[in-house]
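Okay, protein39.cif is below, mmCIF, C-alpha atoms:
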```cif
data_entry
#
loop_
_atom_site.label_atom_id
_atom_site.label_comp_id
_atom_site.auth_asym_id
_atom_site.auth_seq_id
_atom_site.Cartn_x
_atom_site.Cartn_y
_atom_site.Cartn_z
CA MET A 1 0.00 0.00 0.00
CA ILE A 2 1.35 3.41 -0.94
CA THR A 3 1.28 6.00 1.81
CA LEU A 4 -0.27 9.22 0.65
CA HIS A 5 0.87 11.53 3.42
CA ARG A 6 2.42 13.88 0.88
CA TYR A 7 -1.01 14.99 -0.32
CA PRO A 8 -2.44 17.49 -0.83
CA ARG A 9 0.61 19.25 -2.15
CA GLU A 10 1.01 22.46 -4.06
CA ILE A 11 3.11 22.77 -7.17
CA MET A 12 4.04 25.78 -9.22
CA LEU A 13 4.41 25.66 -12.98
CA ARG A 14 7.07 27.57 -14.84
CA ASP A 15 4.61 30.35 -15.67
CA GLY A 16 3.76 30.81 -12.00
CA ALA A 17 0.43 28.95 -12.00
CA ARG A 18 -0.19 27.24 -8.67
CA LEU A 19 -1.96 23.91 -8.61
CA THR A 20 -2.86 21.35 -6.00
CA LEU A 21 -2.11 17.68 -6.46
CA ARG A 22 -4.14 15.17 -4.49
CA PRO A 23 -5.69 11.73 -4.88
CA MET A 24 -9.17 11.60 -6.31
CA ALA A 25 -11.99 11.39 -3.76
CA ARG A 26 -15.51 10.11 -4.19
CA GLU A 27 -16.80 13.68 -4.26
CA ASP A 28 -14.66 14.47 -7.31
CA ALA A 29 -16.85 12.59 -9.78
CA GLY A 30 -18.52 15.76 -11.07
CA ARG A 31 -15.25 17.67 -11.32
CA LEU A 32 -13.56 14.83 -13.17
CA TRP A 33 -16.45 14.43 -15.58
CA ASP A 34 -16.33 18.16 -16.27
CA PHE A 35 -12.60 17.79 -16.94
CA PHE A 36 -13.14 14.97 -19.43
CA ARG A 37 -15.76 17.02 -21.23
CA ARG A 38 -13.10 19.69 -21.83
CA ILE A 39 -10.72 17.16 -23.40
CA PRO A 40 -10.87 17.49 -27.21
CA PRO A 41 -12.84 14.70 -28.94
CA GLU A 42 -9.76 13.58 -30.87
CA ASP A 43 -8.02 12.82 -27.56
CA ARG A 44 -11.08 11.27 -25.96
CA MET A 45 -11.16 8.76 -28.79
CA PHE A 46 -8.27 6.91 -27.22
CA PHE A 47 -9.87 6.47 -23.80
CA ARG A 48 -10.75 2.94 -22.84
CA GLU A 49 -14.18 3.91 -21.67
CA ASP A 50 -16.63 6.54 -22.78
CA VAL A 51 -15.78 9.21 -20.25
CA GLY A 52 -18.35 11.50 -21.81
CA ARG A 53 -20.95 9.50 -19.89
CA LYS A 54 -21.21 10.76 -16.35
CA GLU A 55 -22.25 7.40 -14.94
CA ILE A 56 -18.92 5.91 -16.02
CA VAL A 57 -16.97 8.50 -14.02
CA GLU A 58 -19.37 8.17 -11.09
CA ARG A 59 -18.76 4.42 -11.08
CA TRP A 60 -15.01 5.04 -10.92
CA ALA A 61 -15.55 7.33 -7.95
CA GLU A 62 -17.73 4.80 -6.16
CA LEU A 63 -15.28 1.95 -6.71
CA LEU A 64 -12.08 3.80 -5.82
CA ASP A 65 -9.41 1.30 -4.84
CA PHE A 66 -6.02 2.98 -4.67
CA ASP A 67 -4.20 -0.37 -4.63
CA SER A 68 -5.56 -1.04 -8.11
CA VAL A 69 -5.89 2.41 -9.62
CA LEU A 70 -4.45 5.47 -7.96
CA PRO A 71 -5.74 8.64 -9.61
CA ILE A 72 -3.92 11.87 -8.80
CA LEU A 73 -5.75 15.02 -9.76
CA ALA A 74 -4.24 18.41 -10.51
CA LEU A 75 -6.60 21.17 -9.50
CA GLU A 76 -6.62 24.88 -10.06
CA GLU A 77 -8.81 25.88 -7.17
CA ASP A 78 -11.87 23.68 -7.73
CA LEU A 79 -11.23 22.87 -11.38
CA VAL A 80 -9.55 19.63 -12.42
CA VAL A 81 -6.87 20.43 -15.00
CA GLY A 82 -4.94 17.16 -15.00
CA ASP A 83 -5.50 13.51 -14.20
CA ALA A 84 -2.73 10.94 -13.82
CA THR A 85 -3.42 7.35 -12.87
CA LEU A 86 -1.16 4.56 -11.71
CA HIS A 87 -2.66 1.17 -12.48
CA ARG A 88 -1.43 -1.91 -10.65
CA ASN A 89 -2.28 -5.58 -10.38
CA LYS A 90 -2.53 -6.84 -6.82
CA THR A 91 -1.43 -10.33 -7.79
CA GLY A 92 -0.08 -12.21 -10.74
CA TRP A 93 2.84 -11.88 -13.08
CA LYS A 94 2.45 -8.14 -13.61
CA GLN A 95 2.13 -7.14 -9.97
CA ARG A 96 5.46 -5.33 -10.18
CA VAL A 97 4.49 -3.44 -13.31
CA GLY A 98 2.66 -0.15 -13.02
CA THR A 99 0.85 1.40 -15.95
CA ILE A 100 0.65 5.17 -16.18
CA ARG A 101 -1.98 7.26 -17.93
CA ILE A 102 -1.96 11.03 -17.97
CA GLN A 103 -4.46 13.51 -19.34
CA ILE A 104 -3.95 17.27 -19.29
CA ALA A 105 -6.58 19.93 -19.95
CA PRO A 106 -5.92 21.73 -23.26
CA GLU A 107 -5.27 25.08 -21.59
CA PHE A 108 -2.59 23.50 -19.40
CA ARG A 109 -0.65 21.70 -22.12
CA ASN A 110 2.92 22.73 -22.88
CA ARG A 111 3.20 24.39 -19.49
CA GLY A 112 5.03 21.63 -17.65
CA LEU A 113 2.06 20.05 -15.91
CA GLY A 114 2.39 16.76 -17.82
CA THR A 115 6.01 16.47 -16.80
CA ALA A 116 5.18 17.32 -13.19
CA MET A 117 2.48 14.65 -13.08
CA LEU A 118 4.79 12.15 -14.70
CA ARG A 119 7.37 12.92 -12.04
CA GLU A 120 4.66 12.35 -9.42
CA MET A 121 3.76 8.97 -10.93
CA ARG A 122 7.39 7.96 -10.95
CA HIS A 123 7.65 8.83 -7.27
CA LEU A 124 4.57 6.77 -6.47
CA GLY A 125 5.89 3.88 -8.54
CA GLU A 126 9.05 3.90 -6.45
CA LYS A 127 7.00 3.95 -3.27
CA ALA A 128 4.95 1.01 -4.51
CA ALA A 129 8.16 -0.98 -5.04
CA LEU A 130 7.37 -1.55 -8.69
CA ARG A 131 9.98 -2.93 -11.04
CA HIS A 132 8.74 -1.22 -14.18
CA LEU A 133 6.48 1.60 -15.16
CA LEU A 134 4.75 1.25 -18.48
CA ALA A 135 3.05 3.81 -20.66
CA GLU A 136 1.27 3.41 -23.96
CA VAL A 137 1.08 6.47 -26.15
CA ILE A 138 -0.31 6.98 -29.64
CA GLU A 139 2.61 7.83 -31.91
CA GLU A 140 1.04 11.13 -32.92
CA GLN A 141 1.39 12.38 -29.34
CA GLN A 142 5.02 13.31 -29.79
CA PRO A 143 5.23 15.91 -26.97
CA ALA A 144 4.08 13.26 -24.51
CA ILE A 145 6.55 10.72 -25.88
CA ARG A 146 9.39 13.23 -25.59
CA ALA A 147 8.39 14.01 -22.00
CA PHE A 148 8.40 10.32 -21.10
CA GLU A 149 11.78 9.79 -22.75
CA LYS A 150 13.21 12.84 -21.06
CA MET A 151 12.14 11.36 -17.75
CA GLY A 152 14.09 8.17 -18.43
CA PHE A 153 11.45 6.05 -20.13
CA GLU A 154 12.74 3.91 -22.96
CA ARG A 155 10.84 3.19 -26.15
CA ALA A 156 10.31 -0.57 -25.78
CA CYS A 157 8.43 -1.16 -29.00
CA VAL A 158 6.06 0.31 -31.54
CA HIS A 159 3.01 -1.68 -32.57
CA ARG A 160 2.21 -0.67 -36.12
CA ASN A 161 -1.44 0.05 -37.00
CA PHE A 162 -2.34 -1.41 -33.65
CA VAL A 163 -5.15 0.72 -32.26
CA ASN A 164 -8.09 2.37 -33.89
CA ASP A 165 -9.88 5.57 -33.06
CA GLN A 166 -13.63 5.93 -32.99
CA LYS A 167 -13.65 6.61 -36.71
CA GLY A 168 -11.88 3.35 -37.41
CA ARG A 169 -8.54 4.83 -38.43
CA LEU A 170 -5.52 2.84 -37.34
CA HIS A 171 -2.67 4.32 -35.31
CA ASN A 172 0.75 3.18 -34.15
CA LEU A 173 1.05 2.53 -30.43
CA VAL A 174 4.35 3.35 -28.71
CA VAL A 175 5.12 1.34 -25.57
CA LEU A 176 7.46 3.09 -23.15
CA LEU A 177 9.11 1.41 -20.19
CA TYR A 178 10.84 2.83 -17.17
CA PRO A 179 13.04 0.23 -15.46
CA MET A 180 13.36 0.49 -11.70
CA SER A 181 16.08 -2.05 -11.28
CA TYR A 182 18.83 -0.05 -9.55
CA SER A 183 19.57 -1.22 -6.05
CA GLU A 184 20.48 1.17 -3.25
CA THR A 185 24.10 0.05 -3.40
CA GLU A 186 24.33 0.87 -7.10
CA MET A 187 23.26 4.41 -6.33
CA VAL A 188 26.06 5.11 -3.89
CA PHE A 189 28.54 7.59 -5.26
CA MET B 1 30.92 38.29 -10.43
CA THR B 2 30.96 35.29 -8.15
CA CYS B 3 27.96 35.04 -5.87
CA SER B 4 29.00 34.64 -2.27
CA ALA B 5 25.76 32.83 -1.45
CA CYS B 6 25.43 30.18 -4.13
CA GLY B 7 28.85 30.31 -5.74
CA ALA B 8 27.49 31.15 -9.18
CA ASP B 9 30.34 32.26 -11.41
CA LEU B 10 28.67 34.72 -13.73
CA VAL B 11 30.72 35.81 -16.68
CA TYR B 12 28.53 38.57 -18.00
CA ASP B 13 26.40 41.00 -16.09
CA SER B 14 23.32 41.68 -18.12
CA HIS B 15 21.86 45.14 -18.42
CA GLU B 16 18.62 43.45 -17.37
CA ALA B 17 20.14 42.44 -14.06
CA VAL B 18 18.30 43.52 -10.98
CA LYS B 19 20.27 45.80 -8.67
CA GLY B 20 19.97 45.84 -4.92
CA PRO B 21 19.59 49.00 -2.79
CA ASP B 22 23.37 49.23 -2.65
CA GLY B 23 23.59 49.32 -6.44
CA MET B 24 25.14 45.89 -6.59
CA THR B 25 23.84 43.28 -9.01
CA ILE B 26 21.64 40.66 -7.40
CA CYS B 27 22.56 37.10 -8.26
CA PRO B 28 19.86 35.69 -10.57
CA TYR B 29 19.86 32.43 -8.62
CA ARG B 30 19.13 34.17 -5.33
CA GLY B 31 15.94 33.02 -3.69
CA ARG B 32 15.51 30.09 -6.04
CA GLY B 33 15.27 26.62 -4.59
CA TYR B 34 18.57 24.74 -4.57
CA SER B 35 20.38 27.77 -5.96
CA GLU B 36 23.81 26.25 -5.38
CA LEU B 37 22.98 23.13 -7.36
CA ARG B 38 21.42 25.19 -10.15
CA ALA B 39 24.38 27.52 -10.35
CA ALA B 40 26.83 24.62 -10.37
CA HIS B 41 24.85 22.88 -13.09
CA ASP B 42 24.75 25.95 -15.31
CA ARG B 43 28.42 26.72 -14.85
CA ILE B 44 29.18 23.29 -16.30
CA TYR B 45 26.35 23.37 -18.83
CA PHE B 46 27.60 26.60 -20.36
CA GLY B 47 31.23 25.62 -19.93
CA LYS B 48 33.86 25.68 -22.63
CA TRP B 49 34.10 21.89 -22.78
CA ARG B 50 30.91 21.78 -24.85
CA LYS B 51 32.22 24.09 -27.52
CA MET B 52 33.90 23.23 -30.75
CA ASP B 53 37.23 24.76 -29.69
CA SER B 54 37.40 22.93 -26.37
CA THR B 55 40.75 21.53 -25.34
CA THR B 56 41.62 18.34 -23.51
CA ALA B 57 42.16 20.44 -20.40
CA ASP B 58 38.65 21.92 -20.71
CA ILE B 59 37.16 18.45 -20.87
CA ARG B 60 39.25 17.22 -17.95
CA ARG B 61 38.17 20.26 -15.94
CA ALA B 62 34.52 19.60 -16.79
CA TYR B 63 34.90 15.99 -15.75
CA ASN B 64 36.17 17.08 -12.34
CA GLN B 65 33.43 19.71 -12.03
CA ILE B 66 30.75 17.16 -12.83
CA GLY B 67 32.20 14.84 -10.21
CA ARG B 68 31.97 17.54 -7.57
CA HIS B 69 28.49 18.48 -8.77
CA LEU B 70 27.27 14.90 -8.42
CA ASN B 71 28.79 14.75 -4.95
CA SER B 72 26.89 17.89 -3.97
CA ILE B 73 23.61 16.45 -5.24
CA GLY B 74 24.36 13.22 -3.41
CA ARG B 75 24.87 15.08 -0.14
CA VAL B 76 21.50 16.80 -0.51
CA LEU B 77 19.77 13.54 -1.39
CA GLU B 78 21.21 11.72 1.61
CA THR B 79 18.58 13.35 3.81
CA LYS B 80 15.69 12.94 1.36
CA ASP B 81 13.32 10.08 0.80
CA LEU B 82 13.37 10.47 -2.97
CA PRO B 83 14.20 7.16 -4.63
CA ALA B 84 13.48 8.49 -8.13
CA ALA B 85 15.98 11.29 -7.64
CA LYS B 86 18.53 8.85 -6.26
CA ARG B 87 17.99 6.69 -9.32
CA ASP B 88 18.64 9.67 -11.57
CA LEU B 89 21.78 10.41 -9.63
CA GLY B 90 22.80 6.76 -9.98
CA LYS B 91 22.45 7.03 -13.74
CA ALA B 92 24.45 10.24 -13.70
CA VAL B 93 27.23 8.53 -11.78
CA GLU B 94 27.21 5.61 -14.19
CA ALA B 95 27.52 7.93 -17.19
CA TYR B 96 30.15 9.97 -15.39
CA HIS B 97 32.40 6.97 -14.89
CA ALA B 98 31.92 5.92 -18.51
CA GLY B 99 32.90 9.42 -19.58
CA ASP B 100 36.28 9.55 -17.86
CA PRO B 101 38.42 11.41 -20.43
CA ALA B 102 41.44 9.42 -19.27
CA GLY B 103 39.73 6.31 -20.57
CA GLU B 104 39.64 5.06 -24.13
CA SER B 105 35.98 5.65 -24.84
CA PRO B 106 35.42 7.60 -28.05
CA ASN B 107 32.06 8.60 -26.57
CA ALA B 108 33.46 10.21 -23.44
CA LEU B 109 31.96 13.61 -24.25
CA ARG B 110 28.58 12.08 -24.90
CA PHE B 111 28.70 10.23 -21.57
CA LEU B 112 29.64 13.41 -19.73
CA ASP B 113 26.74 15.16 -21.38
CA HIS B 114 24.45 12.33 -20.25
CA ALA B 115 25.85 12.61 -16.72
CA LEU B 116 24.97 16.30 -16.66
CA SER B 117 21.50 15.61 -18.05
CA TYR B 118 20.77 13.04 -15.35
CA ALA B 119 22.14 15.45 -12.73
CA HIS B 120 19.70 18.03 -14.09
CA MET B 121 16.90 15.49 -13.69
CA ALA B 122 17.88 14.88 -10.07
CA ILE B 123 17.78 18.64 -9.42
CA ASP B 124 14.36 18.82 -11.06
CA ASP B 125 13.22 15.94 -8.85
CA LEU B 126 14.30 17.94 -5.80
CA LEU B 127 12.56 21.04 -7.09
CA HIS B 128 9.38 19.11 -7.83
CA GLU B 129 9.38 17.84 -4.28
CA GLU B 130 9.39 21.44 -3.10
CA GLY B 131 6.52 22.20 -5.47
CA LEU B 132 8.77 24.27 -7.73
CA PRO B 133 8.99 24.20 -11.53
CA PRO B 134 11.97 22.52 -13.18
CA HIS B 135 15.25 24.33 -13.65
CA ASP B 136 15.68 25.92 -17.07
CA PRO B 137 19.33 26.78 -17.76
CA MET B 138 18.37 28.94 -20.74
CA GLU B 139 16.70 31.31 -18.33
CA PHE B 140 20.19 32.12 -17.07
CA SER B 141 22.08 31.88 -20.37
CA LYS B 142 22.61 35.63 -20.67
CA TRP B 143 24.85 35.44 -17.65
CA TYR B 144 27.24 33.07 -19.30
CA ASP B 145 29.47 33.03 -22.31
CA ALA B 146 26.81 31.10 -24.21
CA VAL B 147 26.99 32.39 -27.75
CA GLU B 148 27.09 28.88 -29.14
CA VAL B 149 24.33 26.36 -28.84
CA PRO B 150 25.57 23.41 -26.78
CA PHE B 151 26.23 20.39 -28.94
CA LYS B 152 23.50 18.44 -27.22
CA GLU B 153 20.92 20.20 -29.31
CA GLU B 154 22.62 19.08 -32.54
CA TRP B 155 21.92 15.41 -31.90
#
```

Target encoding C-alpha cells, full file:
Amino acid sequence: MITLHRYPREIMLRDGARLTLRPMAREDAGRLWDFFRRIPPEDRMFFREDVGRKEIVERWAELLDFDSVLPILALEEDLVVGDATLHRNKTGWKQRVGTIRIQIAPEFRNRGLGTAMLREMRHLGEKAALRHLLAEVIEEQQPAIRAFEKMGFERACVHRNFVNDQKGRLHNLVVLLYPMSYSETEMVF
Amino acid sequence: MTCSACGADLVYDSHEAVKGPDGMTICPYRGRGYSELRAAHDRIYFGKWRKMDSTTADIRRAYNQIGRHLNSIGRVLETKDLPAAKRDLGKAVEAYHAGDPAGESPNALRFLDHALSYAHMAIDDLLHEEGLPPHDPMEFSKWYDAVEVPFKEEW
C-alpha cells in the first residue's frame, strides 16, 4: 500500500500557476467528468471507456481502490486540469508493473504540468516498489513521448497500426518502459 | 561576479540584471530553490568543454566539475526520501564513470553530457518535491558566455 501523506501538495508551474495535487476522492466525480468534457474529442477517442458518460466516471468514484488504480488530480482551485493514474495488479505476473496514464486539460498543455504529473507517478511507482512503469502512447502524441523519454522512459516497441480511433482509423502505439532495477548500493557515489 | 551565497560564477552581467539598494547586481539564482545546485549545473552546462574549440584540459576540468556536482547532489539527497531522484543520480554517476576522459571511450563527451542531463533530472526531482517548476538553464544563459548552442541540441 502506498502511503499518501504527501497529499495534498502544491506545485508551481514555470509560468507561475499554482496547482494542487491530491488523490481523487468520491466527491470528485462531477469535477472529473467536467474535466473529461473539456478534453478534445480527438483525444477522448483513445480512452478505454466513454468518459463523456457521467455514470462511467461516477462508477469510478464509487469503486475507488487505490491499490488497483491510484488517480492523482491536478486542481486549479476547484477545477480539475490534470489527471494521472497509476494502475497496478494486486497479484499475478504483472504485480510489479505499473501502468501510467496522464491527461492534461488543453489550456494546461505545454506548461510543464504533464512532466510534473509524470514525475509524481514515478515517485509513487518507487514507493509502490514496482519494477517497471509502463506507458502506452499513440505515436502522434510526440510531446508526450518526448516528455516520457526525457524522464528516463525507454521506447520498448512500436506496434504498427495497432489501435483504432472511434472513426476506425488505425494508429501506431508506442510502448514506453521505465526500469526500476537499480539497487540502493548501485546508487552510492 | 561570483555570488558569495550560491557560488554562481557569472561571466557577463546583463543590463537586465536587478540591482539591490546598494547598487550591486543581485545574483539571478538568489531566492531560487537549490540555488547552489542550479548555479553549479549551469556553470558546467555553459562551460567551454561543450564548444567546438574545447581543449583536452577543458574536458578534464569539466569531468572534475561534474564529479563535484554529483557529490553535492548526493549530499542533498542523503537526507531525502526520494528514490526516483537517487535513481537519476545513480544514472548520472554511471555515465560519469563511462565518460572519464582518461579512458579510451570515443564517446566520453557524450557520456559526460548524459551525466549532466541526469544530474539536471535529479535537481528537477528535488525542485518538484518542493513544489517548484523545473530548472531551465536557458533562463540564465545571458549570464554566461553562451553564444554557441551546446552540442546536445545538434543530436

Residues returned when the PyMOL selection byres ((chain B and resi 117) around 12) runs on this file, as a PDB file with C-alpha atoms, in the coordinates of the input:
```
ATOM      1  CA  LYS A 150      13.210  12.840 -21.060  1.00  0.00           C
ATOM      2  CA  MET A 151      12.140  11.360 -17.750  1.00  0.00           C
ATOM      3  CA  GLY A 152      14.090   8.170 -18.430  1.00  0.00           C
TER       4      GLY A 152
ATOM      5  CA  HIS B  41      24.850  22.880 -13.090  1.00  0.00           C
ATOM      6  CA  ASP B  42      24.750  25.950 -15.310  1.00  0.00           C
ATOM      7  CA  ILE B  44      29.180  23.290 -16.300  1.00  0.00           C
ATOM      8  CA  TYR B  45      26.350  23.370 -18.830  1.00  0.00           C
ATOM      9  CA  ILE B  66      30.750  17.160 -12.830  1.00  0.00           C
ATOM     10  CA  HIS B  69      28.490  18.480  -8.770  1.00  0.00           C
ATOM     11  CA  LEU B  70      27.270  14.900  -8.420  1.00  0.00           C
ATOM     12  CA  ASP B  88      18.640   9.670 -11.570  1.00  0.00           C
ATOM     13  CA  LEU B  89      21.780  10.410  -9.630  1.00  0.00           C
ATOM     14  CA  LYS B  91      22.450   7.030 -13.740  1.00  0.00           C
ATOM     15  CA  ALA B  92      24.450  10.240 -13.700  1.00  0.00           C
ATOM     16  CA  VAL B  93      27.230   8.530 -11.780  1.00  0.00           C
ATOM     17  CA  ALA B  95      27.520   7.930 -17.190  1.00  0.00           C
ATOM     18  CA  TYR B  96      30.150   9.970 -15.390  1.00  0.00           C
ATOM     19  CA  ARG B 110      28.580  12.080 -24.900  1.00  0.00           C
ATOM     20  CA  PHE B 111      28.700  10.230 -21.570  1.00  0.00           C
ATOM     21  CA  LEU B 112      29.640  13.410 -19.730  1.00  0.00           C
ATOM     22  CA  ASP B 113      26.740  15.160 -21.380  1.00  0.00           C
ATOM     23  CA  HIS B 114      24.450  12.330 -20.250  1.00  0.00           C
ATOM     24  CA  ALA B 115      25.850  12.610 -16.720  1.00  0.00           C
ATOM     25  CA  LEU B 116      24.970  16.300 -16.660  1.00  0.00           C
ATOM     26  CA  TYR B 118      20.770  13.040 -15.350  1.00  0.00           C
ATOM     27  CA  ALA B 119      22.140  15.450 -12.730  1.00  0.00           C
ATOM     28  CA  HIS B 120      19.700  18.030 -14.090  1.00  0.00           C
ATOM     29  CA  MET B 121      16.900  15.490 -13.690  1.00  0.00           C
ATOM     30  CA  ALA B 122      17.880  14.880 -10.070  1.00  0.00           C
ATOM     31  CA  ILE B 123      17.780  18.640  -9.420  1.00  0.00           C
ATOM     32  CA  ASP B 124      14.360  18.820 -11.060  1.00  0.00           C
ATOM     33  CA  HIS B 135      15.250  24.330 -13.650  1.00  0.00           C
ATOM     34  CA  ASP B 136      15.680  25.920 -17.070  1.00  0.00           C
ATOM     35  CA  PRO B 137      19.330  26.780 -17.760  1.00  0.00           C
ATOM     36  CA  LYS B 152      23.500  18.440 -27.220  1.00  0.00           C
TER      37      LYS B 152
END
```

Can you work out which residues from chain B touch chain A at a cut-off of 6 Å (counting all atoms listed in the file) and hand them back as a PyMOL selection string?
chain B and resi 84+90+131-133

Between CA of His159 in chain A and CA of Gln142 in chain A - distance in Å to one decimal:
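Separating CA of Gln142 in chain A from CA of His159 in chain A is a distance of 15.4 Å.
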
Which value, in Å to one decimal, gives the distance between CA of Asn172 in chain A and CA of Pro40 in chain A?
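Distance between the two atoms: 19.7 Å.
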
What gap, in Å, lies between CA of Arg22 in chain A and CA of Glu139 in chain A?
29.2 Å

Nearest residue to Arg38 in chain B out of B:Asp22, B:Asp100, B:Asp81, B:Asp9, using all atoms listed in the file?
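Using all atoms listed in the file, the shortest distance to Arg38 in chain B belongs to B:Asp9.
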
Around (29.4, 37.8, -10.2) in the file's own coordinates, what residues are found within 10 Å if you use only C-alpha atoms, given back as number ranges by chain?
B: 1-4, 7-13, 24-28, 143
